[in-house]
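*Asks:* Sharing input_33.tsv (TSV, C-alpha atoms) below.
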```
chain	number	residue	atom	x	y	z
A	1	MET	CA	0.00	0.00	0.00
A	2	ASN	CA	1.46	3.35	-0.92
A	3	GLU	CA	1.68	6.37	1.35
A	4	GLN	CA	-1.12	8.41	-0.33
A	5	SER	CA	-3.67	5.61	0.06
A	6	ARG	CA	-2.70	5.25	3.74
A	7	TYR	CA	-3.37	8.97	4.33
A	8	ARG	CA	-6.77	8.73	2.64
A	9	ILE	CA	-7.82	5.75	4.74
A	10	THR	CA	-6.59	7.41	7.95
A	11	GLY	CA	-8.48	10.63	7.12
A	12	SER	CA	-11.67	8.72	6.31
A	13	LEU	CA	-11.50	6.83	9.62
A	14	PHE	CA	-10.97	10.10	11.50
A	15	VAL	CA	-14.03	11.76	9.86
A	16	LEU	CA	-16.11	8.62	10.55
A	17	ALA	CA	-15.06	8.64	14.25
A	18	LEU	CA	-16.07	12.31	14.56
A	19	ALA	CA	-19.44	11.58	12.98
A	20	VAL	CA	-20.05	8.67	15.39
A	21	ILE	CA	-19.24	10.91	18.36
A	22	PHE	CA	-21.01	14.16	17.45
A	23	LEU	CA	-24.07	13.17	15.37
A	24	PRO	CA	-25.90	11.54	18.32
A	25	MET	CA	-25.31	14.73	20.33
A	26	LEU	CA	-26.92	16.86	17.62
A	27	PHE	CA	-30.00	14.70	17.24
A	28	ASP	CA	-30.47	13.82	20.91
A	29	GLY	CA	-33.04	15.71	22.96
A	30	ALA	CA	-36.40	17.30	22.28
A	31	GLY	CA	-35.40	18.70	18.92
A	32	VAL	CA	-37.29	21.50	17.23
A	33	LYS	CA	-40.71	22.32	18.58
A	34	PRO	CA	-43.51	21.59	16.12
A	35	LEU	CA	-45.12	24.59	14.49
A	36	THR	CA	-48.76	25.01	15.43
A	37	LEU	CA	-51.08	26.64	12.92
A	38	PRO	CA	-54.45	28.15	13.72
A	39	GLU	CA	-57.41	26.09	12.66
A	40	LEU	CA	-58.85	27.05	9.29
A	41	THR	CA	-62.51	27.87	9.04
A	42	ALA	CA	-64.64	27.81	5.94
A	43	ALA	CA	-65.09	31.16	4.21
A	44	PRO	CA	-68.62	32.55	4.34
A	45	GLU	CA	-70.57	32.05	1.14
A	46	VAL	CA	-71.09	35.28	-0.77
A	47	VAL	CA	-74.46	35.63	-2.41
A	48	SER	CA	-74.96	38.49	-4.81
A	49	LYS	CA	-78.36	40.13	-4.56
A	50	GLU	CA	-77.85	42.03	-7.82
A	51	PRO	CA	-79.24	40.52	-10.99
A	52	PRO	CA	-76.69	39.87	-13.72
A	53	LYS	CA	-75.91	42.89	-15.87
A	54	SER	CA	-77.76	43.08	-19.13
A	55	ILE	CA	-76.19	44.39	-22.29
A	56	SER	CA	-77.02	48.04	-22.69
A	57	VAL	CA	-77.01	50.36	-25.66
A	58	GLU	CA	-73.92	52.04	-24.22
A	59	SER	CA	-72.07	48.72	-24.42
A	60	PHE	CA	-72.81	48.54	-28.12
A	61	ALA	CA	-71.62	52.13	-28.56
A	62	GLU	CA	-68.36	51.27	-26.76
A	63	ALA	CA	-67.89	48.21	-28.97
A	64	ASP	CA	-68.45	50.30	-32.11
A	65	ALA	CA	-65.93	52.88	-30.88
A	66	LEU	CA	-63.33	50.16	-30.30
A	67	LYS	CA	-64.07	48.70	-33.73
A	68	ASP	CA	-63.49	52.13	-35.30
A	69	LYS	CA	-60.19	52.46	-33.40
A	70	VAL	CA	-59.04	49.10	-34.75
A	71	SER	CA	-60.06	50.10	-38.27
A	72	GLU	CA	-58.03	53.32	-37.97
A	73	ARG	CA	-54.95	51.37	-36.90
A	74	GLN	CA	-55.36	48.97	-39.79
A	75	LYS	CA	-55.77	51.93	-42.13
A	76	SER	CA	-52.43	53.34	-40.97
A	77	GLY	CA	-50.94	50.77	-43.31
A	78	LEU	CA	-47.80	49.80	-41.43
A	79	ILE	CA	-47.36	46.17	-42.34
A	80	GLY	CA	-44.69	44.52	-40.21
A	81	GLU	CA	-41.88	43.07	-42.27
A	82	SER	CA	-43.78	42.55	-45.52
A	83	VAL	CA	-41.96	42.31	-48.80
A	84	ILE	CA	-42.77	44.44	-51.84
A	85	PRO	CA	-40.51	43.08	-54.58
A	86	SER	CA	-40.02	44.95	-57.86
A	87	VAL	CA	-41.76	43.33	-60.82
A	88	GLN	CA	-41.49	43.66	-64.55
A	89	THR	CA	-44.74	45.31	-65.69
A	90	SER	CA	-44.73	43.86	-69.18
A	91	GLU	CA	-47.17	41.01	-68.72
A	92	GLN	CA	-50.40	40.48	-66.76
A	93	ASN	CA	-50.21	37.81	-64.10
A	94	ALA	CA	-53.11	35.36	-64.27
A	95	ASP	CA	-53.02	34.56	-60.55
A	96	SER	CA	-56.20	35.91	-58.92
A	97	ASN	CA	-54.46	36.35	-55.52
A	98	THR	CA	-51.89	38.75	-56.95
A	99	THR	CA	-52.24	42.39	-55.97
A	100	TRP	CA	-50.29	45.36	-57.22
A	101	ALA	CA	-49.13	48.69	-55.87
A	102	VAL	CA	-47.25	51.76	-57.05
A	103	GLN	CA	-44.20	52.36	-54.87
A	104	LEU	CA	-43.45	56.07	-54.67
A	105	GLY	CA	-40.40	56.04	-52.46
A	106	SER	CA	-38.31	54.38	-49.80
A	107	PHE	CA	-36.89	56.29	-46.87
A	108	ASN	CA	-34.24	55.74	-44.22
A	109	SER	CA	-36.33	57.97	-41.96
A	110	GLU	CA	-39.73	56.57	-41.02
A	111	GLN	CA	-40.85	60.12	-40.21
A	112	ASN	CA	-40.31	61.17	-43.85
A	113	ALA	CA	-42.25	58.13	-45.04
A	114	ARG	CA	-45.14	59.02	-42.73
A	115	LYS	CA	-45.15	62.62	-44.04
A	116	LEU	CA	-45.50	61.34	-47.61
A	117	LYS	CA	-48.18	58.89	-46.47
A	118	GLN	CA	-50.18	61.70	-44.88
A	119	LYS	CA	-49.84	63.86	-48.02
A	120	LEU	CA	-51.09	60.99	-50.21
A	121	GLU	CA	-53.98	60.18	-47.86
A	122	GLU	CA	-55.06	63.82	-48.03
A	123	ALA	CA	-55.25	63.31	-51.80
A	124	ASP	CA	-57.54	60.29	-51.14
A	125	TYR	CA	-55.06	57.52	-51.97
A	126	ASN	CA	-54.96	54.22	-50.08
A	127	VAL	CA	-51.36	54.18	-48.79
A	128	VAL	CA	-49.35	51.21	-47.52
A	129	LEU	CA	-46.10	51.46	-45.54
A	130	SER	CA	-43.73	48.53	-45.28
A	131	ARG	CA	-40.33	47.98	-43.74
A	132	ALA	CA	-37.37	46.25	-45.32
A	133	ASN	CA	-33.82	45.62	-44.19
A	134	ASN	CA	-30.94	46.48	-46.47
A	135	SER	CA	-27.20	47.04	-46.08
A	136	SER	CA	-27.69	50.55	-44.64
A	137	GLY	CA	-30.32	49.48	-42.10
A	138	THR	CA	-34.11	49.48	-42.10
A	139	ILE	CA	-35.96	51.44	-44.77
A	140	THR	CA	-39.63	52.35	-44.89
A	141	ARG	CA	-41.33	52.08	-48.28
A	142	VAL	CA	-44.40	54.05	-49.32
A	143	ALA	CA	-46.79	52.55	-51.87
A	144	ILE	CA	-50.32	53.21	-53.13
A	145	GLY	CA	-52.43	50.08	-53.27
A	146	PRO	CA	-53.38	47.36	-53.23
A	147	LEU	CA	-54.70	47.31	-56.78
A	148	ILE	CA	-56.30	44.21	-58.28
A	149	ARG	CA	-55.13	44.66	-61.89
A	150	GLU	CA	-51.60	45.32	-63.03
A	151	SER	CA	-52.97	47.57	-65.78
A	152	ASP	CA	-54.54	49.83	-63.13
A	153	ALA	CA	-51.18	50.05	-61.38
A	154	ILE	CA	-49.44	50.97	-64.64
A	155	LYS	CA	-52.00	53.71	-65.34
A	156	LEU	CA	-51.59	55.09	-61.81
A	157	ARG	CA	-47.78	55.05	-62.15
A	158	LYS	CA	-48.01	57.02	-65.41
A	159	GLN	CA	-50.38	59.48	-63.75
A	160	LEU	CA	-48.05	59.99	-60.78
A	161	SER	CA	-44.73	59.88	-62.67
A	162	SER	CA	-44.71	63.65	-63.28
A	163	THR	CA	-44.69	64.28	-59.50
A	164	TYR	CA	-42.89	61.13	-58.34
A	165	HIS	CA	-40.17	60.36	-60.91
A	166	GLU	CA	-39.09	57.13	-59.23
A	167	ALA	CA	-42.58	55.59	-59.07
A	168	ILE	CA	-42.49	51.88	-59.88
A	169	VAL	CA	-45.14	49.17	-60.13
A	170	VAL	CA	-44.60	46.43	-57.57
A	171	LYS	CA	-46.28	43.13	-56.83
A	172	LEU	CA	-47.48	42.81	-53.25
A	173	GLY	CA	-46.34	39.50	-51.78
A	174	TYR	CA	-48.82	37.87	-49.42
```
As structure tokens, what does this structure read like?

*Replies:*
Amino acid sequence: MNEQSRYRITGSLFVLALAVIFLPMLFDGAGVKPLTLPELTAAPEVVSKEPPKSISVESFAEADALKDKVSERQKSGLIGESVIPSVQTSEQNADSNTTWAVQLGSFNSEQNARKLKQKLEEADYNVVLSRANNSSGTITRVAIGPLIRESDAIKLRKQLSSTYHEAIVVKLGY
């Protein structure tokens, strides 16, 4: 047996002897007093004397107001991380789910995009904002749409091209 093993065995026997001596002293006696809790009583039953509320006209008015608020937020046109890819406008797409838009600009500043959106809404256009990530960060794009036919989008682009020189027809991806 080598010297290191002998030290380990001697140390183990010493710790075991201490445990045999002191553990009975720790656990001998009355120990910890038990915790006494007060007796629980049943809660009194609550009976409501009021009849259940009926739906009033005011409730309907509140619901309509909330519905209008939601519609306004949807009208704001900010569409998460949607993609508006550029499309060649030479041929009509036969897919009935395809919608079109005329993109008038893309801005590094969302505030500038919202200014253009407000200006276009004042001219009674349905405006859509979308965000995209590029190498310089996040840009906000401004488009008028959705339009069902590509030909309508082309006509609108031609109509707006005198004011917005960089107007392009884009396919909305859903």

*Asks:* For a quick check of your reading of the model, name the residues lying within 10 Å of the coordinate (-52.1, 58.4, -45.8), counting all atoms listed in the file, and write them as a list of chain:residue names.

*Replies:*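 Using all atoms listed in the file, the matching residues come out as A:Lys75, A:Ser76, A:Gly77, A:Ala113, A:Arg114, A:Lys115, A:Leu116, A:Lys117, A:Gln118, A:Lys119, A:Leu120, A:Glu121, A:Glu122, A:Ala123, A:Asp124, A:Tyr125, A:Asn126, A:Val127, A:Val128, A:Leu129, A:Val142, A:Ala143, A:Ile144.
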
*Asks:* Distance CA of Leu160 in chain A-CA of Gly145 in chain A, one decimal place?

*Replies:*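 According to the coordinates, CA of Leu160 in chain A and CA of Gly145 in chain A are separated by 13.2 Å.
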
*Asks:* Report, in Å with one decimal, the straight-line distance from CA of Leu104 in chain A to CA of Ala167 in chain A.

*Replies:*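 Atom-to-atom, CA of Leu104 in chain A to CA of Ala167 in chain A, that is 4.5 Å.
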
*Asks:* Can you measure CA of Leu35 in chain A to CA of Leu23 in chain A for me? One decimal in Å is fine.

*Replies:* 24.0 Å

*Asks:* Extract, using all atoms listed in the file, all DNA, RNA and protein residues at most 8 Å from Ile168 in chain A, discarding same-chain residues fewer than 3 positions from it, and format them as a list in words.

*Replies:*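 Everything that qualifies: Ser86, Val102, Gln103, Leu104 and Arg157 of chain A.
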
*Asks:* At a cut-off of 12 Å, using only C-alpha atoms, what residues contact Asp152 in chain A? Leave out same-chain residues fewer than 2 positions from it and give the result as a list in words.

*Replies:*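 With the cut-off at 12 Å, the set is Thr89, Gln92, Thr99, Trp100, Ala101, Val102, Ile144, Gly145, Pro146, Leu147, Ile148, Arg149, Glu150, Ile154, Lys155, Leu156, Arg157, Lys158, Gln159, Val169 and Val170 of chain A.
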
*Asks:* When distances are computed from all atoms listed in the file, which of A:Asn2, A:Thr140, A:Tyr164, A:Leu18 shows the smallest separation from Gln111 in chain A?

*Replies:*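 Closest residue, counting all atoms listed in the file: A:Thr140.
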